[in-house]
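A.B. asks: Here's a structure for you.
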Amino acid sequence: MPIRAILTDIEGTTSSISFVKDVLFPYARRMLPGFVEARGNDPEVRRWLDAVAAQNGGLCDDRMTVEVLQGWIDEDRKHTALKALQGMLWADGYRNADFTAHIYADAAEALREWHDAGIPLYVYSSGSVPAQRLFFGHSSAGDLTGLFSGWFDTEVGGKREAASYQGIAEAVGAKPGDILFLSDIVEELDAAREAGLQTVLLDRREDYPTERSGEATHGHRRVETFADIGV
Ligand SMILES: CSCCC(=O)C(=O)COP(=O)(O)O
Ligand SMILES: [Mg+2]
């Protein structure tokens with residue numbers, strides 16, 4: 001089947017899980033209390049703090065809200081409010097060069113090749129769109145933002161829901177069957193396949209030391225690097 005657009009996940013797909021879990025999440029956890037104290041009255045920050053407080057019975061003061069958010073970071077909750085706040089926190093880290101976003105060399109190379117071949121590239125991650133732009137703008141392979149034609153986060157819907165992929169196909173103006181979705185999570189690939197997208201499972205040894213095979217792949221084509229995708 002022809003591929004007219006490629007949609008990619010980030011964590012575990014273009015980039016290592018350990019960079020997100022061992023660098024980005026601890027940074028956000030550490031910086032959160034000072035950030036809320038300094039910027040808690042900015043409307044863009046307040047909006048998300050209030051959303052978290054409302055979800056917890058509306059009785060939270062900021063200190064309690066910070067504790068709730070730190071708990072969500074520990075649980076790796078993909079909550080839109082947490083992801084929006086994390087994006088704001090990481091902006092400082094990238095600006096101060098506290099870290100550079102990890103991208104697998106094979107992913108950077110393939111993304112450049114596909115872009116040069118005229119294939120539109122899109123990102124779909126639980127990380128907020130501003131966080132995605134920061135990530136690819138400060139990556140170990142340089143500023144890759146120019147390679148992408150569009151960005152999607154959980155504002156379009158959850159990554160395990162078929163409707164999200166239908167929404168993305170409509171937004172990019174392509175037939176679902178012409179889009180290839182890349183992810184390390186089989187439940188995300190299941191949802192994309194249900195919406196009619198083509199799928200490939202990234203099964204990177206660094207992220208998943210035990211190879212996923214047989215039933216664990218849910219019938220999705222499996223590769224270990226972007227070089228094996230063969231678009
Ligand atoms: C681009 S922001 C850092 C990644 C992140 O916060 C996250 O939750 C990654 O989720 P993904 O959907 O890319 O697996
Ligand atoms: Mg992922």
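Chain lettering (A, B, ...) mirrors the order of the structure tokens, residue numbering begins at 1 for each chain separately, and ligand numbering begins at 1 in order of display.
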Could you list, with a cut-off of 12 Å and counting only C-alpha atoms and all ligand atoms, the residues of chain A near ligand 2, each shown with its nearest atom pair and the distance in Å rounded to one decimal, rows sorted by chain and ascending number, as a Markdown table?
C.D. replies:
| residue | atom | partner | partner_atom_place_in_ligand_line | distance |
| --- | --- | --- | --- | --- |
| A:Thr8 | CA | ligand 2 | 1 (Mg) | 8.9 |
| A:Asp9 | CA | ligand 2 | 1 (Mg) | 5.4 |
| A:Ile10 | CA | ligand 2 | 1 (Mg) | 5.5 |
| A:Glu11 | CA | ligand 2 | 1 (Mg) | 4.0 |
| A:Gly12 | CA | ligand 2 | 1 (Mg) | 4.6 |
| A:Thr13 | CA | ligand 2 | 1 (Mg) | 5.8 |
| A:Thr14 | CA | ligand 2 | 1 (Mg) | 8.5 |
| A:Ser15 | CA | ligand 2 | 1 (Mg) | 8.6 |
| A:Ser16 | CA | ligand 2 | 1 (Mg) | 9.1 |
| A:Ile17 | CA | ligand 2 | 1 (Mg) | 7.8 |
| A:Ser18 | CA | ligand 2 | 1 (Mg) | 11.5 |
| A:Val20 | CA | ligand 2 | 1 (Mg) | 10.2 |
| A:Lys21 | CA | ligand 2 | 1 (Mg) | 11.7 |
| A:Asp76 | CA | ligand 2 | 1 (Mg) | 11.8 |
| A:Lys78 | CA | ligand 2 | 1 (Mg) | 11.2 |
| A:Val123 | CA | ligand 2 | 1 (Mg) | 11.1 |
| A:Tyr124 | CA | ligand 2 | 1 (Mg) | 9.4 |
| A:Ser125 | CA | ligand 2 | 1 (Mg) | 7.3 |
| A:Ser126 | CA | ligand 2 | 1 (Mg) | 8.3 |
| A:Gly127 | CA | ligand 2 | 1 (Mg) | 10.0 |
| A:Lys159 | CA | ligand 2 | 1 (Mg) | 9.6 |
| A:Arg160 | CA | ligand 2 | 1 (Mg) | 11.3 |
| A:Phe181 | CA | ligand 2 | 1 (Mg) | 11.4 |
| A:Leu182 | CA | ligand 2 | 1 (Mg) | 8.9 |
| A:Ser183 | CA | ligand 2 | 1 (Mg) | 5.6 |
| A:Asp184 | CA | ligand 2 | 1 (Mg) | 5.1 |
| A:Ile185 | CA | ligand 2 | 1 (Mg) | 5.9 |
| A:Val186 | CA | ligand 2 | 1 (Mg) | 9.6 |
| A:Glu187 | CA | ligand 2 | 1 (Mg) | 10.4 |
| A:Glu188 | CA | ligand 2 | 1 (Mg) | 8.6 |
| A:Leu189 | CA | ligand 2 | 1 (Mg) | 10.4 |
| A:Leu201 | CA | ligand 2 | 1 (Mg) | 10.1 |
| A:Leu202 | CA | ligand 2 | 1 (Mg) | 9.0 |
| A:Asp203 | CA | ligand 2 | 1 (Mg) | 10.5 |
| A:Arg204 | CA | ligand 2 | 1 (Mg) | 11.2 |
| A:Asp207 | CA | ligand 2 | 1 (Mg) | 10.2 |
| A:Tyr208 | CA | ligand 2 | 1 (Mg) | 11.6 |
A.B. asks: Find the residues around Asp178 in chain A up to 9 Å (only C-alpha atoms counted), leave out those fewer than 5 positions away in its own chain, and share them as an MDAnalysis selection string.
C.D. replies: chainID A and resid 1:6 196:198
A.B. asks: Counting only C-alpha atoms, figure out which residue out of A:Asp50, A:Glu194, A:Glu170, A:Asp153 gets nearest to Thr80 in chain A.
C.D. replies: A:Asp153
A.B. asks: Please identify which residues in range 70-126 of chain A DSSP calls alpha helix (DSSP H) from the backbone, and express them as an MDAnalysis selection string.
C.D. replies: chainID A and resid 70:75 80:95 105:116
A.B. asks: Next, write the just-selected residues to a file, as an mmCIF file, in the first residue's frame, keeping N, CA and C atoms as the atom set.
C.D. replies:
data_model
loop_
_atom_site.group_PDB
_atom_site.id
_atom_site.type_symbol
_atom_site.label_atom_id
_atom_site.label_comp_id
_atom_site.auth_asym_id
_atom_site.auth_seq_id
_atom_site.Cartn_x
_atom_site.Cartn_y
_atom_site.Cartn_z
ATOM 1 N N GLN A 70 3.088 15.698 41.208
ATOM 2 C CA GLN A 70 4.306 14.891 41.369
ATOM 3 C C GLN A 70 3.956 13.398 41.422
ATOM 4 N N GLY A 71 2.814 13.087 42.033
ATOM 5 C CA GLY A 71 2.343 11.688 42.043
ATOM 6 C C GLY A 71 2.043 11.211 40.632
ATOM 7 N N TRP A 72 1.437 12.085 39.837
ATOM 8 C CA TRP A 72 1.121 11.718 38.446
ATOM 9 C C TRP A 72 2.404 11.510 37.642
ATOM 10 N N ILE A 73 3.430 12.337 37.910
ATOM 11 C CA ILE A 73 4.715 12.138 37.206
ATOM 12 C C ILE A 73 5.266 10.753 37.561
ATOM 13 N N ASP A 74 5.204 10.398 38.848
ATOM 14 C CA ASP A 74 5.725 9.091 39.293
ATOM 15 C C ASP A 74 4.970 7.937 38.631
ATOM 16 N N GLU A 75 3.657 8.166 38.396
ATOM 17 C CA GLU A 75 2.831 7.103 37.774
ATOM 18 C C GLU A 75 2.879 7.149 36.253
ATOM 19 N N THR A 80 -3.596 15.591 30.227
ATOM 20 C CA THR A 80 -3.320 16.775 29.404
ATOM 21 C C THR A 80 -2.787 17.943 30.246
ATOM 22 N N ALA A 81 -3.329 18.147 31.455
ATOM 23 C CA ALA A 81 -2.859 19.266 32.297
ATOM 24 C C ALA A 81 -1.410 19.054 32.723
ATOM 25 N N LEU A 82 -1.092 17.839 33.137
ATOM 26 C CA LEU A 82 0.298 17.536 33.530
ATOM 27 C C LEU A 82 1.231 17.748 32.353
ATOM 28 N N LYS A 83 0.825 17.278 31.170
ATOM 29 C CA LYS A 83 1.691 17.365 29.993
ATOM 30 C C LYS A 83 1.906 18.821 29.587
ATOM 31 N N ALA A 84 0.865 19.651 29.731
ATOM 32 C CA ALA A 84 1.013 21.074 29.397
ATOM 33 C C ALA A 84 2.005 21.730 30.361
ATOM 34 N N LEU A 85 1.882 21.433 31.650
ATOM 35 C CA LEU A 85 2.786 22.033 32.643
ATOM 36 C C LEU A 85 4.212 21.513 32.466
ATOM 37 N N GLN A 86 4.352 20.220 32.170
ATOM 38 C CA GLN A 86 5.701 19.681 31.937
ATOM 39 C C GLN A 86 6.373 20.425 30.776
ATOM 40 N N GLY A 87 5.605 20.698 29.723
ATOM 41 C CA GLY A 87 6.171 21.402 28.569
ATOM 42 C C GLY A 87 6.736 22.758 28.979
ATOM 43 N N MET A 88 6.016 23.452 29.851
ATOM 44 C CA MET A 88 6.491 24.771 30.304
ATOM 45 C C MET A 88 7.755 24.637 31.158
ATOM 46 N N LEU A 89 7.783 23.597 31.989
ATOM 47 C CA LEU A 89 8.958 23.375 32.843
ATOM 48 C C LEU A 89 10.187 23.029 32.008
ATOM 49 N N TRP A 90 10.009 22.169 31.007
ATOM 50 C CA TRP A 90 11.148 21.733 30.199
ATOM 51 C C TRP A 90 11.699 22.884 29.357
ATOM 52 N N ALA A 91 10.854 23.883 29.048
ATOM 53 C CA ALA A 91 11.338 25.021 28.248
ATOM 54 C C ALA A 91 12.558 25.645 28.910
ATOM 55 N N ASP A 92 12.500 25.787 30.243
ATOM 56 C CA ASP A 92 13.643 26.359 30.959
ATOM 57 C C ASP A 92 14.859 25.451 30.846
ATOM 58 N N GLY A 93 14.635 24.153 30.975
ATOM 59 C CA GLY A 93 15.752 23.198 30.914
ATOM 60 C C GLY A 93 16.448 23.205 29.571
ATOM 61 N N TYR A 94 15.663 23.268 28.493
ATOM 62 C CA TYR A 94 16.284 23.319 27.160
ATOM 63 C C TYR A 94 17.015 24.652 26.981
ATOM 64 N N ARG A 95 16.355 25.739 27.418
ATOM 65 C CA ARG A 95 16.949 27.079 27.243
ATOM 66 C C ARG A 95 18.284 27.169 27.982
ATOM 67 N N ALA A 105 19.885 7.788 16.268
ATOM 68 C CA ALA A 105 20.512 8.226 15.010
ATOM 69 C C ALA A 105 19.745 7.684 13.807
ATOM 70 N N ASP A 106 19.256 6.444 13.897
ATOM 71 C CA ASP A 106 18.519 5.871 12.751
ATOM 72 C C ASP A 106 17.213 6.617 12.512
ATOM 73 N N ALA A 107 16.608 7.120 13.597
ATOM 74 C CA ALA A 107 15.345 7.859 13.448
ATOM 75 C C ALA A 107 15.610 9.210 12.782
ATOM 76 N N ALA A 108 16.636 9.906 13.244
ATOM 77 C CA ALA A 108 16.951 11.216 12.651
ATOM 78 C C ALA A 108 17.268 11.060 11.164
ATOM 79 N N GLU A 109 18.033 10.031 10.837
ATOM 80 C CA GLU A 109 18.431 9.821 9.436
ATOM 81 C C GLU A 109 17.207 9.524 8.559
ATOM 82 N N ALA A 110 16.343 8.632 9.031
ATOM 83 C CA ALA A 110 15.160 8.276 8.232
ATOM 84 C C ALA A 110 14.207 9.453 8.102
ATOM 85 N N LEU A 111 14.020 10.190 9.185
ATOM 86 C CA LEU A 111 13.116 11.355 9.114
ATOM 87 C C LEU A 111 13.621 12.356 8.078
ATOM 88 N N ARG A 112 14.935 12.569 8.060
ATOM 89 C CA ARG A 112 15.510 13.509 7.063
ATOM 90 C C ARG A 112 15.285 12.977 5.647
ATOM 91 N N GLU A 113 15.516 11.677 5.469
ATOM 92 C CA GLU A 113 15.345 11.075 4.128
ATOM 93 C C GLU A 113 13.898 11.166 3.663
ATOM 94 N N TRP A 114 12.973 10.832 4.544
ATOM 95 C CA TRP A 114 11.554 10.871 4.163
ATOM 96 C C TRP A 114 11.129 12.302 3.842
ATOM 97 N N HIS A 115 11.603 13.237 4.659
ATOM 98 C CA HIS A 115 11.263 14.645 4.398
ATOM 99 C C HIS A 115 11.819 15.061 3.042
ATOM 100 N N ASP A 116 13.059 14.688 2.764
ATOM 101 C CA ASP A 116 13.681 15.056 1.483
ATOM 102 C C ASP A 116 12.961 14.389 0.305
#
A.B. asks: For ligand 1, which residue out of A:Ile103, A:Ile179, A:Leu121, A:Ala195 is the nearest one, using only C-alpha atoms and all ligand atoms?
C.D. replies: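 Closest to ligand 1, using only C-alpha atoms and all ligand atoms: A:Ile103.
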A.B. asks: Determine which residues of chain A receive a DSSP assignment of strand (DSSP E), computed from the backbone, and state them as a PyMOL selection string.
C.D. replies: chain A and resi 5-8+121-124+148-152+179-183+198-202+221-223
A.B. asks: Write to file, as a short mmCIF file (atom, residue, chain, number, x, y, z; two decimals), in the first residue's frame, the residues of the selection just made, with C-alpha atoms.
C.D. replies:
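Output contents, as saved in selection_4.cif:
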data_model
loop_
_atom_site.label_atom_id
_atom_site.label_comp_id
_atom_site.auth_asym_id
_atom_site.auth_seq_id
_atom_site.Cartn_x
_atom_site.Cartn_y
_atom_site.Cartn_z
CA ALA A 5 2.23 10.55 5.22
CA ILE A 6 4.04 9.27 8.31
CA LEU A 7 2.83 9.83 11.88
CA THR A 8 5.28 9.05 14.67
CA LEU A 121 5.81 13.90 8.58
CA TYR A 122 3.66 14.37 11.69
CA VAL A 123 4.16 13.78 15.41
CA TYR A 124 1.55 12.30 17.75
CA PHE A 148 7.53 18.13 10.44
CA SER A 149 4.32 19.31 8.79
CA GLY A 150 2.18 19.07 11.92
CA TRP A 151 1.98 18.12 15.59
CA PHE A 152 -0.72 16.33 17.60
CA ILE A 179 -0.83 7.10 6.64
CA LEU A 180 1.82 4.99 8.39
CA PHE A 181 1.82 5.20 12.20
CA LEU A 182 4.97 4.28 14.15
CA SER A 183 4.87 3.43 17.85
CA GLN A 198 -0.94 1.29 8.38
CA THR A 199 1.18 0.44 11.42
CA VAL A 200 4.73 -0.55 12.39
CA LEU A 201 5.84 -1.55 15.88
CA LEU A 202 9.22 -0.18 17.01
CA ARG A 221 4.82 -5.47 11.56
CA ARG A 222 7.80 -5.27 13.93
CA VAL A 223 11.17 -3.57 13.36
#
